[in-house]
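Structure data follow from upload_17.pdb (PDB, C-alpha atoms, pLDDT in the B column):
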```
ATOM      1  CA  GLY Q   1     -31.070  48.829  72.167  1.00 59.00           C
ATOM      2  CA  ALA Q   2     -31.092  49.587  68.469  1.00 62.00           C
ATOM      3  CA  VAL Q   3     -27.702  49.556  66.797  1.00 88.00           C
ATOM      4  CA  VAL Q   4     -28.971  50.750  63.411  1.00 94.00           C
ATOM      5  CA  SER Q   5     -31.144  53.831  63.232  1.00 94.00           C
ATOM      6  CA  GLN Q   6     -33.338  54.523  60.228  1.00 96.00           C
ATOM      7  CA  HIS Q   7     -35.152  57.800  59.633  1.00 96.00           C
ATOM      8  CA  PRO Q   8     -37.870  58.702  58.933  1.00 97.00           C
ATOM      9  CA  SER Q   9     -40.081  55.838  60.012  1.00 96.00           C
ATOM     10  CA  ARG Q  10     -42.915  56.995  57.826  1.00 96.00           C
ATOM     11  CA  VAL Q  11     -43.163  59.501  54.988  1.00 97.00           C
ATOM     12  CA  ILE Q  12     -45.991  60.587  52.746  1.00 97.00           C
ATOM     13  CA  CYS Q  13     -45.145  62.590  49.655  1.00 95.00           C
ATOM     14  CA  LYS Q  14     -46.669  63.816  46.440  1.00 96.00           C
ATOM     15  CA  SER Q  15     -45.947  62.125  43.144  1.00 96.00           C
ATOM     16  CA  GLY Q  16     -42.908  63.631  41.446  1.00 96.00           C
ATOM     17  CA  THR Q  17     -41.056  64.636  44.597  1.00 96.00           C
ATOM     18  CA  SER Q  18     -37.877  63.070  45.949  1.00 97.00           C
ATOM     19  CA  VAL Q  19     -37.550  61.421  49.333  1.00 97.00           C
ATOM     20  CA  LYS Q  20     -34.366  60.777  51.300  1.00 97.00           C
ATOM     21  CA  ILE Q  21     -34.072  57.966  53.842  1.00 98.00           C
ATOM     22  CA  GLU Q  22     -31.167  57.835  56.274  1.00 97.00           C
ATOM     23  CA  CYS Q  23     -29.541  54.781  57.788  1.00 96.00           C
ATOM     24  CA  ARG Q  24     -27.047  55.209  60.625  1.00 95.00           C
ATOM     25  CA  SER Q  25     -24.936  52.695  62.492  1.00 93.00           C
ATOM     26  CA  LEU Q  26     -25.007  53.954  66.072  1.00 92.00           C
ATOM     27  CA  ASP Q  27     -22.041  52.446  67.864  1.00 88.00           C
ATOM     28  CA  PHE Q  28     -19.946  50.905  65.147  1.00 89.00           C
ATOM     29  CA  GLN Q  29     -18.483  51.686  61.766  1.00 90.00           C
ATOM     30  CA  ALA Q  30     -20.118  50.021  58.805  1.00 88.00           C
ATOM     31  CA  THR Q  31     -18.189  49.912  55.566  1.00 85.00           C
ATOM     32  CA  THR Q  32     -21.055  47.983  54.002  1.00 88.00           C
ATOM     33  CA  MET Q  33     -24.765  48.615  54.288  1.00 92.00           C
ATOM     34  CA  PHE Q  34     -27.662  47.107  52.403  1.00 93.00           C
ATOM     35  CA  TRP Q  35     -30.980  48.486  51.234  1.00 95.00           C
ATOM     36  CA  TYR Q  36     -34.138  46.395  50.856  1.00 95.00           C
ATOM     37  CA  ARG Q  37     -37.720  47.019  49.896  1.00 96.00           C
ATOM     38  CA  GLN Q  38     -40.680  45.006  51.038  1.00 95.00           C
ATOM     39  CA  PHE Q  39     -44.211  44.918  49.704  1.00 93.00           C
ATOM     40  CA  PRO Q  40     -47.134  43.822  51.919  1.00 90.00           C
ATOM     41  CA  LYS Q  41     -47.065  40.134  52.836  1.00 87.00           C
ATOM     42  CA  GLN Q  42     -43.876  39.601  50.849  1.00 91.00           C
ATOM     43  CA  SER Q  43     -40.285  38.980  51.844  1.00 91.00           C
ATOM     44  CA  LEU Q  44     -37.480  41.512  51.768  1.00 92.00           C
ATOM     45  CA  MET Q  45     -35.981  42.147  48.366  1.00 93.00           C
ATOM     46  CA  LEU Q  46     -32.376  43.279  48.243  1.00 92.00           C
ATOM     47  CA  MET Q  47     -32.057  46.467  46.206  1.00 94.00           C
ATOM     48  CA  ALA Q  48     -28.415  47.411  46.531  1.00 94.00           C
ATOM     49  CA  THR Q  49     -25.208  47.109  48.477  1.00 91.00           C
ATOM     50  CA  SER Q  50     -23.823  50.398  49.744  1.00 89.00           C
ATOM     51  CA  ASN Q  51     -20.058  50.636  50.172  1.00 87.00           C
ATOM     52  CA  GLU Q  52     -18.420  53.514  51.995  1.00 87.00           C
ATOM     53  CA  GLY Q  53     -16.439  55.718  49.649  1.00 85.00           C
ATOM     54  CA  SER Q  54     -17.455  53.945  46.471  1.00 86.00           C
ATOM     55  CA  LYS Q  55     -20.436  53.486  44.196  1.00 89.00           C
ATOM     56  CA  ALA Q  56     -23.263  51.277  45.302  1.00 92.00           C
ATOM     57  CA  THR Q  57     -23.836  47.911  43.673  1.00 92.00           C
ATOM     58  CA  TYR Q  58     -27.404  47.497  42.481  1.00 95.00           C
ATOM     59  CA  GLU Q  59     -29.308  44.250  42.075  1.00 93.00           C
ATOM     60  CA  GLN Q  60     -30.656  43.352  38.689  1.00 93.00           C
ATOM     61  CA  GLY Q  61     -33.788  45.255  37.814  1.00 94.00           C
ATOM     62  CA  VAL Q  62     -33.214  48.090  40.281  1.00 95.00           C
ATOM     63  CA  GLU Q  63     -32.852  51.480  38.590  1.00 94.00           C
ATOM     64  CA  LYS Q  64     -29.753  53.218  39.898  1.00 93.00           C
ATOM     65  CA  ASP Q  65     -30.937  56.613  38.674  1.00 95.00           C
ATOM     66  CA  LYS Q  66     -34.220  56.120  40.467  1.00 96.00           C
ATOM     67  CA  PHE Q  67     -32.803  54.956  43.769  1.00 97.00           C
ATOM     68  CA  LEU Q  68     -29.728  57.026  44.562  1.00 96.00           C
ATOM     69  CA  ILE Q  69     -27.487  55.661  47.286  1.00 95.00           C
ATOM     70  CA  ASN Q  70     -24.778  57.631  49.044  1.00 91.00           C
ATOM     71  CA  HIS Q  71     -22.463  56.166  51.663  1.00 90.00           C
ATOM     72  CA  ALA Q  72     -20.269  59.141  52.449  1.00 82.00           C
ATOM     73  CA  SER Q  73     -19.204  58.127  55.945  1.00 90.00           C
ATOM     74  CA  LEU Q  74     -18.662  54.940  57.921  1.00 91.00           C
ATOM     75  CA  THR Q  75     -21.834  55.482  59.888  1.00 93.00           C
ATOM     76  CA  LEU Q  76     -24.290  56.866  57.350  1.00 94.00           C
ATOM     77  CA  SER Q  77     -25.877  55.637  54.156  1.00 95.00           C
ATOM     78  CA  THR Q  78     -28.747  57.407  52.439  1.00 96.00           C
ATOM     79  CA  LEU Q  79     -31.292  56.215  49.904  1.00 97.00           C
ATOM     80  CA  THR Q  80     -33.015  58.852  47.798  1.00 97.00           C
ATOM     81  CA  VAL Q  81     -36.096  57.869  45.857  1.00 97.00           C
ATOM     82  CA  THR Q  82     -36.129  60.362  43.013  1.00 97.00           C
ATOM     83  CA  SER Q  83     -39.297  61.540  41.298  1.00 96.00           C
ATOM     84  CA  ALA Q  84     -41.364  59.171  43.381  1.00 96.00           C
ATOM     85  CA  HIS Q  85     -44.509  57.631  41.954  1.00 96.00           C
ATOM     86  CA  PRO Q  86     -47.282  55.621  43.618  1.00 96.00           C
ATOM     87  CA  GLU Q  87     -45.675  52.344  42.521  1.00 95.00           C
ATOM     88  CA  ASP Q  88     -42.630  53.282  44.642  1.00 96.00           C
ATOM     89  CA  SER Q  89     -44.787  53.081  47.749  1.00 96.00           C
ATOM     90  CA  SER Q  90     -43.241  50.366  49.868  1.00 96.00           C
ATOM     91  CA  PHE Q  91     -41.477  49.533  53.121  1.00 97.00           C
ATOM     92  CA  TYR Q  92     -37.754  50.319  52.795  1.00 97.00           C
ATOM     93  CA  ILE Q  93     -35.262  48.733  55.186  1.00 96.00           C
ATOM     94  CA  CYS Q  94     -31.535  49.182  55.633  1.00 95.00           C
ATOM     95  CA  SER Q  95     -28.996  46.955  57.323  1.00 92.00           C
ATOM     96  CA  ALA Q  96     -25.365  47.206  58.347  1.00 90.00           C
ATOM     97  CA  ILE Q  97     -22.642  44.675  59.032  1.00 85.00           C
ATOM     98  CA  ARG Q  98     -20.968  44.915  62.426  1.00 81.00           C
ATOM     99  CA  GLY Q  99     -17.666  43.194  63.045  1.00 76.00           C
ATOM    100  CA  GLN Q 100     -17.848  41.245  59.777  1.00 64.00           C
ATOM    101  CA  LYS Q 101     -20.245  38.702  61.191  1.00 67.00           C
ATOM    102  CA  SER Q 102     -23.388  40.326  62.480  1.00 77.00           C
ATOM    103  CA  LEU Q 103     -26.004  41.992  60.339  1.00 83.00           C
ATOM    104  CA  PHE Q 104     -28.337  44.449  62.029  1.00 88.00           C
ATOM    105  CA  PHE Q 105     -31.392  46.062  60.514  1.00 92.00           C
ATOM    106  CA  GLY Q 106     -33.003  49.445  60.821  1.00 94.00           C
ATOM    107  CA  SER Q 107     -36.633  49.750  61.844  1.00 94.00           C
ATOM    108  CA  GLY Q 108     -37.762  50.496  58.312  1.00 96.00           C
ATOM    109  CA  THR Q 109     -39.381  53.404  56.476  1.00 97.00           C
ATOM    110  CA  GLN Q 110     -42.924  53.217  55.157  1.00 97.00           C
ATOM    111  CA  LEU Q 111     -43.111  55.354  52.027  1.00 97.00           C
ATOM    112  CA  SER Q 112     -46.491  56.347  50.672  1.00 97.00           C
ATOM    113  CA  VAL Q 113     -46.582  58.284  47.411  1.00 96.00           C
ATOM    114  CA  LEU Q 114     -49.869  59.996  46.632  1.00 95.00           C
TER     115      LEU Q 114
ATOM    116  CA  ASP P 115     -32.590  32.920  44.531  1.00 52.00           C
ATOM    117  CA  ALA P 116     -33.005  32.031  48.186  1.00 56.00           C
ATOM    118  CA  LYS P 117     -30.955  29.042  49.260  1.00 84.00           C
ATOM    119  CA  THR P 118     -33.340  27.924  51.964  1.00 92.00           C
ATOM    120  CA  THR P 119     -36.761  26.297  52.162  1.00 94.00           C
ATOM    121  CA  GLN P 120     -39.143  26.866  55.055  1.00 96.00           C
ATOM    122  CA  PRO P 121     -42.782  25.981  55.679  1.00 97.00           C
ATOM    123  CA  PRO P 122     -44.971  29.006  54.958  1.00 96.00           C
ATOM    124  CA  SER P 123     -46.736  28.987  58.312  1.00 97.00           C
ATOM    125  CA  MET P 124     -46.864  27.247  61.684  1.00 97.00           C
ATOM    126  CA  ASP P 125     -48.960  27.439  64.828  1.00 97.00           C
ATOM    127  CA  CYS P 126     -47.754  27.051  68.378  1.00 96.00           C
ATOM    128  CA  ALA P 127     -49.501  27.162  71.731  1.00 97.00           C
ATOM    129  CA  GLU P 128     -48.340  29.792  74.174  1.00 97.00           C
ATOM    130  CA  GLY P 129     -45.835  28.373  76.648  1.00 97.00           C
ATOM    131  CA  ARG P 130     -44.906  25.472  74.426  1.00 97.00           C
ATOM    132  CA  ALA P 131     -41.727  25.077  72.416  1.00 97.00           C
ATOM    133  CA  ALA P 132     -41.840  26.307  68.833  1.00 98.00           C
ATOM    134  CA  ASN P 133     -39.681  24.294  66.462  1.00 98.00           C
ATOM    135  CA  LEU P 134     -39.112  25.978  63.115  1.00 98.00           C
ATOM    136  CA  PRO P 135     -37.408  23.869  60.438  1.00 98.00           C
ATOM    137  CA  CYS P 136     -35.247  25.046  57.571  1.00 97.00           C
ATOM    138  CA  ASN P 137     -33.806  23.135  54.657  1.00 96.00           C
ATOM    139  CA  HIS P 138     -30.523  24.342  53.181  1.00 94.00           C
ATOM    140  CA  SER P 139     -29.324  21.326  51.250  1.00 93.00           C
ATOM    141  CA  THR P 140     -26.969  23.318  49.003  1.00 90.00           C
ATOM    142  CA  ILE P 141     -25.125  25.045  51.825  1.00 90.00           C
ATOM    143  CA  SER P 142     -21.399  25.552  51.242  1.00 87.00           C
ATOM    144  CA  GLY P 143     -18.663  24.768  53.720  1.00 87.00           C
ATOM    145  CA  ASN P 144     -18.021  28.417  54.539  1.00 84.00           C
ATOM    146  CA  GLU P 145     -21.665  29.396  54.920  1.00 87.00           C
ATOM    147  CA  TYR P 146     -23.286  30.008  58.264  1.00 89.00           C
ATOM    148  CA  VAL P 147     -26.955  29.539  59.083  1.00 91.00           C
ATOM    149  CA  TYR P 148     -28.586  32.742  60.333  1.00 91.00           C
ATOM    150  CA  TRP P 149     -32.045  33.230  61.766  1.00 93.00           C
ATOM    151  CA  TYR P 150     -33.922  36.508  61.850  1.00 93.00           C
ATOM    152  CA  ARG P 151     -37.497  37.370  62.641  1.00 96.00           C
ATOM    153  CA  GLN P 152     -39.690  40.226  61.554  1.00 96.00           C
ATOM    154  CA  ILE P 153     -42.627  41.512  63.501  1.00 93.00           C
ATOM    155  CA  HIS P 154     -45.193  43.367  61.447  1.00 86.00           C
ATOM    156  CA  SER P 155     -43.979  46.721  60.081  1.00 84.00           C
ATOM    157  CA  GLN P 156     -40.588  46.488  61.752  1.00 91.00           C
ATOM    158  CA  GLY P 157     -37.084  45.691  60.557  1.00 92.00           C
ATOM    159  CA  PRO P 158     -35.824  42.109  60.952  1.00 92.00           C
ATOM    160  CA  GLN P 159     -34.330  41.192  64.319  1.00 92.00           C
ATOM    161  CA  TYR P 160     -31.275  38.975  64.629  1.00 89.00           C
ATOM    162  CA  ILE P 161     -31.913  35.797  66.619  1.00 93.00           C
ATOM    163  CA  ILE P 162     -28.992  33.420  66.324  1.00 92.00           C
ATOM    164  CA  HIS P 163     -26.471  31.946  63.931  1.00 90.00           C
ATOM    165  CA  GLY P 164     -24.213  28.916  63.698  1.00 92.00           C
ATOM    166  CA  LEU P 165     -21.811  27.021  61.482  1.00 91.00           C
ATOM    167  CA  LYS P 166     -22.005  23.355  62.473  1.00 91.00           C
ATOM    168  CA  ASN P 167     -22.338  23.151  66.231  1.00 89.00           C
ATOM    169  CA  ASN P 168     -25.595  23.669  68.041  1.00 94.00           C
ATOM    170  CA  GLU P 169     -25.944  27.149  69.501  1.00 96.00           C
ATOM    171  CA  THR P 170     -27.998  28.636  72.290  1.00 97.00           C
ATOM    172  CA  ASN P 171     -28.547  32.185  73.447  1.00 95.00           C
ATOM    173  CA  GLU P 172     -31.110  34.022  75.531  1.00 94.00           C
ATOM    174  CA  MET P 173     -33.613  34.023  72.693  1.00 94.00           C
ATOM    175  CA  ALA P 174     -33.417  30.597  71.125  1.00 97.00           C
ATOM    176  CA  SER P 175     -31.508  27.437  70.334  1.00 98.00           C
ATOM    177  CA  LEU P 176     -30.242  26.412  66.925  1.00 98.00           C
ATOM    178  CA  ILE P 177     -29.866  22.763  66.044  1.00 98.00           C
ATOM    179  CA  ILE P 178     -27.904  22.006  62.870  1.00 97.00           C
ATOM    180  CA  THR P 179     -27.844  18.494  61.452  1.00 96.00           C
ATOM    181  CA  GLU P 180     -24.511  16.753  61.107  1.00 95.00           C
ATOM    182  CA  ASP P 181     -24.581  17.019  57.314  1.00 95.00           C
ATOM    183  CA  ARG P 182     -25.573  20.716  57.689  1.00 95.00           C
ATOM    184  CA  LYS P 183     -28.350  20.346  55.147  1.00 95.00           C
ATOM    185  CA  SER P 184     -31.051  21.398  57.550  1.00 96.00           C
ATOM    186  CA  SER P 185     -31.534  23.137  60.851  1.00 97.00           C
ATOM    187  CA  THR P 186     -34.196  23.849  63.447  1.00 98.00           C
ATOM    188  CA  LEU P 187     -34.754  27.010  65.415  1.00 98.00           C
ATOM    189  CA  ILE P 188     -36.238  26.337  68.829  1.00 98.00           C
ATOM    190  CA  LEU P 189     -38.071  28.922  70.892  1.00 98.00           C
ATOM    191  CA  PRO P 190     -38.281  27.043  74.198  1.00 97.00           C
ATOM    192  CA  HIS P 191     -41.325  28.771  75.674  1.00 96.00           C
ATOM    193  CA  ALA P 192     -43.188  30.670  72.995  1.00 97.00           C
ATOM    194  CA  THR P 193     -45.127  33.794  73.975  1.00 97.00           C
ATOM    195  CA  LEU P 194     -47.671  35.817  72.050  1.00 97.00           C
ATOM    196  CA  ARG P 195     -44.944  38.343  71.296  1.00 95.00           C
ATOM    197  CA  ASP P 196     -43.052  35.685  69.353  1.00 97.00           C
ATOM    198  CA  THR P 197     -45.694  35.832  66.628  1.00 97.00           C
ATOM    199  CA  ALA P 198     -43.676  36.950  63.604  1.00 97.00           C
ATOM    200  CA  VAL P 199     -42.185  35.862  60.300  1.00 97.00           C
ATOM    201  CA  TYR P 200     -39.000  33.862  60.842  1.00 97.00           C
ATOM    202  CA  TYR P 201     -36.318  33.845  58.161  1.00 95.00           C
ATOM    203  CA  CYS P 202     -33.588  31.250  57.808  1.00 94.00           C
ATOM    204  CA  ILE P 203     -30.636  32.475  55.750  1.00 90.00           C
ATOM    205  CA  VAL P 204     -27.312  30.992  54.732  1.00 89.00           C
ATOM    206  CA  SER P 205     -24.390  33.292  54.101  1.00 83.00           C
ATOM    207  CA  PRO P 206     -20.613  33.287  54.352  1.00 77.00           C
ATOM    208  CA  ASN P 207     -19.382  34.947  57.517  1.00 65.00           C
ATOM    209  CA  THR P 208     -17.326  37.617  55.828  1.00 54.00           C
ATOM    210  CA  GLY P 209     -17.641  41.316  55.528  1.00 50.00           C
ATOM    211  CA  GLY P 210     -19.765  42.419  52.615  1.00 51.00           C
ATOM    212  CA  PHE P 211     -21.894  39.305  52.422  1.00 65.00           C
ATOM    213  CA  LYS P 212     -25.301  39.751  50.843  1.00 72.00           C
ATOM    214  CA  THR P 213     -28.275  38.496  52.748  1.00 75.00           C
ATOM    215  CA  ILE P 214     -30.931  37.067  50.468  1.00 80.00           C
ATOM    216  CA  PHE P 215     -34.262  36.459  52.125  1.00 85.00           C
ATOM    217  CA  GLY P 216     -36.611  33.641  51.259  1.00 87.00           C
ATOM    218  CA  ALA P 217     -40.299  33.646  52.057  1.00 90.00           C
ATOM    219  CA  GLY P 218     -39.826  32.693  55.704  1.00 95.00           C
ATOM    220  CA  THR P 219     -42.228  30.974  58.121  1.00 97.00           C
ATOM    221  CA  ARG P 220     -45.117  32.896  59.599  1.00 97.00           C
ATOM    222  CA  LEU P 221     -45.381  31.685  63.199  1.00 98.00           C
ATOM    223  CA  PHE P 222     -48.656  32.195  65.035  1.00 97.00           C
ATOM    224  CA  VAL P 223     -48.477  31.766  68.785  1.00 97.00           C
ATOM    225  CA  LYS P 224     -51.938  31.199  70.186  1.00 96.00           C
ATOM    226  CA  ALA P 225     -53.171  31.646  73.738  1.00 94.00           C
TER     227      ALA P 225
END
```
Please lay out the structure from this file as structure tokens.
Amino acid sequence: GAVVSQHPSRVICKSGTSVKIECRSLDFQATTMFWYRQFPKQSLMLMATSNEGSKATYEQGVEKDKFLINHASLTLSTLTVTSAHPEDSSFYICSAIRGQKSLFFGSGTQLSVL
Amino acid sequence: DAKTTQPPSMDCAEGRAANLPCNHSTISGNEYVYWYRQIHSQGPQYIIHGLKNNETNEMASLIITEDRKSSTLILPHATLRDTAVYYCIVSPNTGGFKTIFGAGTRLFVKA
């Protein structure tokens, strides 16, 4: 069964609104989680590394004020897309490290901004 | 930049073995080889990983060359449900490692 739960699976919002995506590790504690985005027919692009109790580390070119990441507990990381615009429409995926050697992924969130 | 090179696509007949190659010529001594696959509109699924010895689990086998510069993922009896994009990744086996995805191989299993 799934070990990383991501919610919602699909969201449609109006331009200018903010959207929050949750990523939960179900049966383990994850001090580190990762967030990716994926455009159609392309590979996953790492956006940021989320560390429990500290600020996230963003990859070059990713706007930290645009994509807010909070990792307040050992089982939950959230990604908030602020003031979303149509170009933010994408498939967002989270992952979590279990036991320092296994990386498990959520099922992804399809964001469509109208 | 991704540290691996994979063919962009491959075909395989249903019931036959699918052999997916991966080149990782710059792999470091502490880096493992991981394989994931992604079925359309889903998150990647872990398949297998290894350091230098060949590995086998219920899903697949992983063959790593002696110099560790390349590896092959083997799906022994491919089914239609194995149609997916397969990603080969190298990463140190420590907490906090970043997983950088290359383009992967799009495997088509045909009836």
Practice problem: Decode the PyMOL selection byres ((chain P) within 10 of (chain Q)) for the given file into explicit residues and return them as number ranges by chain. | Solution: P: 146, 148, 150, 152, 154-160, 162-163, 199, 201, 205-218
Practice problem: Give as JSON, numbers by chain each residue that has an atom at most 12 Å from (-46.6, 22.9, 58.7) in the file, counting all atoms listed in the file. | Solution: {"P": [120, 121, 122, 123, 124, 125, 126, 132, 133, 134, 135, 136, 219, 220, 221, 222]}
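Interatomic distance, atom CA of Q:Ser77 against atom CA of Q:Thr17: 20.1 Å.
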Self-check item: atom CA of Q:His85 to atom CA of Q:Phe67, distance in Å rounded to a single decimal
Solution: 12.1 Å
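Atom CA of P:Asn144 is found 20.4 Å from atom CA of P:Thr170.
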Quiz prompt | Ground truth for the PyMOL selection byres ((chain Q and resi 21) around 6), written as a ChimeraX atom specification | solution = /Q:7,20,22,78-79
Exercise. List, as a VMD selection string, every residue that the PyMOL selection byres ((chain Q and resi 16) around 12) selects in the file provided.
Key: chain Q and resid 13 to 15 17 to 19 66 81 to 88 113 to 114
Quiz item: What's the 12 Å shell around P:Thr179, counting only C-alpha atoms, without same-chain residues fewer than 5 positions away, as a PyMOL selection string?
Solution: chain P and resi 135-139+141+147+164-169+184-187
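Residue nearest Q:Asp27, chosen from Q:Gln60, Q:Ser89, Q:Thr75, Q:Thr80 and counting only C-alpha atoms: Q:Thr75.
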If the box runs along x, y and z of the file and leaves 4 Å on each side of stretch 5-16 of chain Q, what are its centre and edge lengths in Å, one decimal, as AutoDock Vina command-line options?
```
--center_x -38.9 --center_y 58.8 --center_z 52.3 --size_x 23.5 --size_y 18.0 --size_z 29.8
```
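Of the residues listed (Q:Leu76, Q:Ser25, Q:Leu68, Q:Phe39), Q:Ser25 shows the shortest atom-to-atom separation from Q:Val3; distances use all atoms listed in the file.
Proximity ranking of P:Thr140, P:Ile188, P:Glu180, P:Leu194 relative to P:Thr119 places P:Thr140 first, based on all atoms listed in the file.
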